[in-house]
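Below is one structure, written out as structure tokens; the observations come after it.
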Amino acid sequence: MRLAAAALASASLFALAPSGPPALPELMADTGGGSQLITARAARTSATTGTVIWWERRRGRWVEAGSAPARFGAAGLTEGASRRQGTNTTPTGLYDLPYAFGIEAAPGGTATPYRRVHRNSWWCQDNNSRAYNRWTEPRPSDCRAAESEHLISYRDQYAYAFVIGFNYERPVRGRGAGIFLHVDGRGATAGCVSVPASAMRRILRWADPEREPHIAIGTAGGATAITRY
């Protein structure tokens, strides 16, 4: 009987023991308060590639729902709070995901608000415009075309995209505009995060606005470590 009781106690302790290292979101300072999270992590600030993982909270624990290789800015990553526009850097930090958009129709099952791109759809990046860091349709007269993105011109990258809430709610002029999670182009981005088209479709089907998804962008360590956000 003593041996049986000891075995039962050992089994109970084993069942309560951690099954492995904690999931990345468990190590973060903040995950946005919802139960869905995307992490985009690079090895260091000079890196232009890394990994995107989307997570969801189940029964009090964060579990991985999918992953994909990621690309970052051609000049790497930099602290979002001090980023400057035109530097080709991806801003680190924790951000919301206001809405999605695309040249293609939303994948079946998409619950996130999704906006279709038309021929007169622009993203204004002109620091002198009242529409700075906003979708405009059509482009307003105070927003120069040379300082904006004609969205339909990026047929591969903007087939599907998620707006990343960097410098979005209260835009600071000169900090940067048009930071998205989008489909891969030919190489590194101008400051966005990109993944293969198949991954973007999966993310759009997975994201549930009622679960308040956020995205955390950062490095494996150092001042811009993703665990700081």
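Letters for chains follow the order of the structure tokens (A, B, ...), residue numbers begin at 1 for each chain, and ligand numbers begin at 1 in the order shown.
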
Which of segment 137-229 of chain A DSSP labels alpha helix (DSSP H), written as a list in words: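 Reading the DSSP output for segment 137-229 of chain A, alpha helix (DSSP H) covers Ala197, Ser198, Ala199, Met200, Arg201, Arg202, Ile203, Leu204, Arg205 and Trp206 of chain A.
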
Output all heavy atoms for every residue in that selection, as a PDB file, in the first residue's frame.
```
ATOM      1  N   ALA A 197       2.138  34.452 -48.394  1.00  0.00           N
ATOM      2  CA  ALA A 197       0.705  34.673 -48.613  1.00  0.00           C
ATOM      3  C   ALA A 197      -0.142  33.645 -47.878  1.00  0.00           C
ATOM      4  O   ALA A 197      -1.200  33.977 -47.325  1.00  0.00           O
ATOM      5  CB  ALA A 197       0.397  34.645 -50.108  1.00  0.00           C
ATOM      6  N   SER A 198       0.305  32.406 -47.857  1.00  0.00           N
ATOM      7  CA  SER A 198      -0.469  31.358 -47.179  1.00  0.00           C
ATOM      8  C   SER A 198      -0.584  31.646 -45.687  1.00  0.00           C
ATOM      9  O   SER A 198      -1.628  31.391 -45.072  1.00  0.00           O
ATOM     10  CB  SER A 198       0.186  29.988 -47.393  1.00  0.00           C
ATOM     11  OG  SER A 198       1.526  29.987 -46.905  1.00  0.00           O
ATOM     12  N   ALA A 199       0.469  32.211 -45.100  1.00  0.00           N
ATOM     13  CA  ALA A 199       0.427  32.556 -43.677  1.00  0.00           C
ATOM     14  C   ALA A 199      -0.522  33.723 -43.426  1.00  0.00           C
ATOM     15  O   ALA A 199      -1.258  33.727 -42.433  1.00  0.00           O
ATOM     16  CB  ALA A 199       1.826  32.899 -43.175  1.00  0.00           C
ATOM     17  N   MET A 200      -0.525  34.713 -44.332  1.00  0.00           N
ATOM     18  CA  MET A 200      -1.458  35.838 -44.154  1.00  0.00           C
ATOM     19  C   MET A 200      -2.897  35.361 -44.207  1.00  0.00           C
ATOM     20  O   MET A 200      -3.740  35.820 -43.421  1.00  0.00           O
ATOM     21  CB  MET A 200      -1.226  36.906 -45.224  1.00  0.00           C
ATOM     22  CG  MET A 200      -0.173  37.939 -44.888  1.00  0.00           C
ATOM     23  SD  MET A 200      -0.395  38.831 -43.314  1.00  0.00           S
ATOM     24  CE  MET A 200      -2.063  39.446 -43.428  1.00  0.00           C
ATOM     25  N   ARG A 201      -3.189  34.443 -45.102  1.00  0.00           N
ATOM     26  CA  ARG A 201      -4.560  33.918 -45.163  1.00  0.00           C
ATOM     27  C   ARG A 201      -4.928  33.200 -43.869  1.00  0.00           C
ATOM     28  O   ARG A 201      -6.037  33.356 -43.345  1.00  0.00           O
ATOM     29  CB  ARG A 201      -4.713  32.993 -46.371  1.00  0.00           C
ATOM     30  CG  ARG A 201      -4.737  33.729 -47.714  1.00  0.00           C
ATOM     31  CD  ARG A 201      -5.141  32.811 -48.844  1.00  0.00           C
ATOM     32  NE  ARG A 201      -4.126  31.826 -49.139  1.00  0.00           N
ATOM     33  CZ  ARG A 201      -3.169  31.984 -50.062  1.00  0.00           C
ATOM     34  NH1 ARG A 201      -3.112  33.091 -50.791  1.00  0.00           N
ATOM     35  NH2 ARG A 201      -2.273  31.045 -50.280  1.00  0.00           N
ATOM     36  N   ARG A 202      -4.003  32.439 -43.344  1.00  0.00           N
ATOM     37  CA  ARG A 202      -4.248  31.721 -42.089  1.00  0.00           C
ATOM     38  C   ARG A 202      -4.452  32.691 -40.936  1.00  0.00           C
ATOM     39  O   ARG A 202      -5.341  32.507 -40.091  1.00  0.00           O
ATOM     40  CB  ARG A 202      -3.089  30.772 -41.785  1.00  0.00           C
ATOM     41  CG  ARG A 202      -2.989  29.578 -42.740  1.00  0.00           C
ATOM     42  CD  ARG A 202      -1.731  28.782 -42.480  1.00  0.00           C
ATOM     43  NE  ARG A 202      -1.704  28.207 -41.138  1.00  0.00           N
ATOM     44  CZ  ARG A 202      -0.608  27.725 -40.553  1.00  0.00           C
ATOM     45  NH1 ARG A 202       0.557  27.794 -41.174  1.00  0.00           N
ATOM     46  NH2 ARG A 202      -0.676  27.202 -39.353  1.00  0.00           N
ATOM     47  N   ILE A 203      -3.638  33.732 -40.877  1.00  0.00           N
ATOM     48  CA  ILE A 203      -3.753  34.722 -39.798  1.00  0.00           C
ATOM     49  C   ILE A 203      -5.096  35.437 -39.872  1.00  0.00           C
ATOM     50  O   ILE A 203      -5.753  35.660 -38.840  1.00  0.00           O
ATOM     51  CB  ILE A 203      -2.580  35.720 -39.866  1.00  0.00           C
ATOM     52  CG1 ILE A 203      -1.272  35.016 -39.467  1.00  0.00           C
ATOM     53  CG2 ILE A 203      -2.836  36.929 -38.961  1.00  0.00           C
ATOM     54  CD1 ILE A 203      -0.021  35.825 -39.744  1.00  0.00           C
ATOM     55  N   LEU A 204      -5.525  35.800 -41.072  1.00  0.00           N
ATOM     56  CA  LEU A 204      -6.801  36.503 -41.214  1.00  0.00           C
ATOM     57  C   LEU A 204      -7.970  35.625 -40.796  1.00  0.00           C
ATOM     58  O   LEU A 204      -8.936  36.107 -40.190  1.00  0.00           O
ATOM     59  CB  LEU A 204      -6.970  36.983 -42.651  1.00  0.00           C
ATOM     60  CG  LEU A 204      -6.089  38.181 -43.041  1.00  0.00           C
ATOM     61  CD1 LEU A 204      -6.127  38.410 -44.538  1.00  0.00           C
ATOM     62  CD2 LEU A 204      -6.523  39.438 -42.297  1.00  0.00           C
ATOM     63  N   ARG A 205      -7.914  34.340 -41.119  1.00  0.00           N
ATOM     64  CA  ARG A 205      -8.985  33.425 -40.691  1.00  0.00           C
ATOM     65  C   ARG A 205      -8.968  33.217 -39.183  1.00  0.00           C
ATOM     66  O   ARG A 205     -10.015  32.998 -38.562  1.00  0.00           O
ATOM     67  CB  ARG A 205      -8.844  32.073 -41.400  1.00  0.00           C
ATOM     68  CG  ARG A 205      -9.060  32.119 -42.912  1.00  0.00           C
ATOM     69  CD  ARG A 205      -9.105  30.703 -43.472  1.00  0.00           C
ATOM     70  NE  ARG A 205      -9.168  30.685 -44.922  1.00  0.00           N
ATOM     71  CZ  ARG A 205      -8.140  30.425 -45.726  1.00  0.00           C
ATOM     72  NH1 ARG A 205      -6.954  30.145 -45.195  1.00  0.00           N
ATOM     73  NH2 ARG A 205      -8.270  30.438 -47.033  1.00  0.00           N
ATOM     74  N   TRP A 206      -7.782  33.257 -38.614  1.00  0.00           N
ATOM     75  CA  TRP A 206      -7.610  32.988 -37.181  1.00  0.00           C
ATOM     76  C   TRP A 206      -7.994  34.174 -36.309  1.00  0.00           C
ATOM     77  O   TRP A 206      -8.587  34.007 -35.229  1.00  0.00           O
ATOM     78  CB  TRP A 206      -6.142  32.607 -36.947  1.00  0.00           C
ATOM     79  CG  TRP A 206      -5.652  32.692 -35.544  1.00  0.00           C
ATOM     80  CD1 TRP A 206      -5.774  31.748 -34.560  1.00  0.00           C
ATOM     81  CD2 TRP A 206      -4.930  33.786 -34.959  1.00  0.00           C
ATOM     82  NE1 TRP A 206      -5.178  32.193 -33.393  1.00  0.00           N
ATOM     83  CE2 TRP A 206      -4.658  33.438 -33.625  1.00  0.00           C
ATOM     84  CE3 TRP A 206      -4.495  35.022 -35.442  1.00  0.00           C
ATOM     85  CZ2 TRP A 206      -3.961  34.282 -32.765  1.00  0.00           C
ATOM     86  CZ3 TRP A 206      -3.809  35.865 -34.592  1.00  0.00           C
ATOM     87  CH2 TRP A 206      -3.549  35.490 -33.273  1.00  0.00           C
TER      88      TRP A 206
END
```

Could you pull out the strand (DSSP E or B) residues of chain A from DSSP and send them as a PyMOL selection string? chain A and resi 36-42+49-58+61-71+73+77-79+90-96+100-102+114-116+122-124+134-136+148-150+161-163+180-183+189+193-195+214-219+225

Taking only C-alpha atoms into account, which of A:Thr224, A:Thr92, A:Ser46, A:Asn128 comes nearest Ile164 of chain A?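 Of all the options, A:Thr92 lies closest to Ile164 of chain A.
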
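When only C-alpha atoms are used to compute distances to Gly191 of chain A, the closest of the residues A:Thr39, A:Ser67, A:Thr45, A:Thr89 turns out to be A:Thr89.
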
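Once Arg119 of chain A and its same-chain neighbours fewer than 2 positions away are set aside, Val117, Ser121, Trp122, Glu137, Pro138, His150, Leu151, Ile152 and Ser153 of chain A remain within 9 Å of it when counting only C-alpha atoms.
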
Write the residues of the selection above to a file with C-alpha atoms, as a PDB file, in the first residue's frame.
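Generated output (again-v8.pdb):
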```pdb
ATOM      1  CA  VAL A 117      -8.335  48.072 -52.208  1.00  0.00           C
ATOM      2  CA  SER A 121      -7.073  53.779 -52.571  1.00  0.00           C
ATOM      3  CA  TRP A 122      -4.010  55.449 -51.054  1.00  0.00           C
ATOM      4  CA  GLU A 137      -9.976  57.277 -51.024  1.00  0.00           C
ATOM      5  CA  PRO A 138      -9.387  59.273 -53.122  1.00  0.00           C
ATOM      6  CA  HIS A 150      -0.925  53.840 -54.130  1.00  0.00           C
ATOM      7  CA  LEU A 151      -2.062  50.588 -52.561  1.00  0.00           C
ATOM      8  CA  ILE A 152      -3.141  48.811 -55.722  1.00  0.00           C
ATOM      9  CA  SER A 153       0.398  49.180 -57.114  1.00  0.00           C
TER      10      SER A 153
END
```

Please provide the set of residues having any atom within 8 Å of Glu64 of chain A, restricted to only C-alpha atoms, with same-chain residues fewer than 6 positions apart removed, written as a list in words.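 Answer for this query is Ile53, Trp54, Trp55 and Glu56 of chain A.
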
Resulting file, chosen residues, N, CA, C and O atoms, as an mmCIF file, in the first residue's frame:
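New file out20.cif:
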```
data_model
loop_
_atom_site.group_PDB
_atom_site.id
_atom_site.type_symbol
_atom_site.label_atom_id
_atom_site.label_comp_id
_atom_site.auth_asym_id
_atom_site.auth_seq_id
_atom_site.Cartn_x
_atom_site.Cartn_y
_atom_site.Cartn_z
ATOM 1 N N ILE A 53 4.902 34.204 -35.030
ATOM 2 C CA ILE A 53 4.105 33.147 -34.406
ATOM 3 C C ILE A 53 2.802 33.766 -33.939
ATOM 4 O O ILE A 53 2.802 34.871 -33.383
ATOM 5 N N TRP A 54 1.695 33.085 -34.200
ATOM 6 C CA TRP A 54 0.432 33.566 -33.634
ATOM 7 C C TRP A 54 -0.007 32.606 -32.540
ATOM 8 O O TRP A 54 0.067 31.393 -32.669
ATOM 9 N N TRP A 55 -0.427 33.219 -31.426
ATOM 10 C CA TRP A 55 -0.723 32.504 -30.192
ATOM 11 C C TRP A 55 -2.167 32.772 -29.771
ATOM 12 O O TRP A 55 -2.726 33.811 -30.079
ATOM 13 N N GLU A 56 -2.701 31.845 -28.992
ATOM 14 C CA GLU A 56 -4.001 32.091 -28.377
ATOM 15 C C GLU A 56 -4.007 31.500 -26.974
ATOM 16 O O GLU A 56 -3.275 30.551 -26.672
#
```

Using only C-alpha atoms, the best pick from A:Ile38, A:Ser148, A:Arg134, A:Ile103 as closest to Val63 of chain A would be A:Ile38

Work out how far atom CA of Glu212 of chain A is from atom CA of Arg61 of chain A, in Å to one decimal.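 Answer for the atom CA of Arg61 of chain A to atom CA of Glu212 of chain A separation: 16.1 Å.
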
Give me the residues near Ala42 of chain A as JSON, numbers by chain, where near means some atom within 12 Å (using only C-alpha atoms) and where sequence neighbours in that chain fewer than 6 positions away do not count. {"A": [48, 49, 50, 51, 52, 53, 69, 70, 71, 72, 73, 76, 77, 78, 90, 91, 92, 193, 216, 217, 218, 219, 220, 221, 222, 224, 225, 226]}
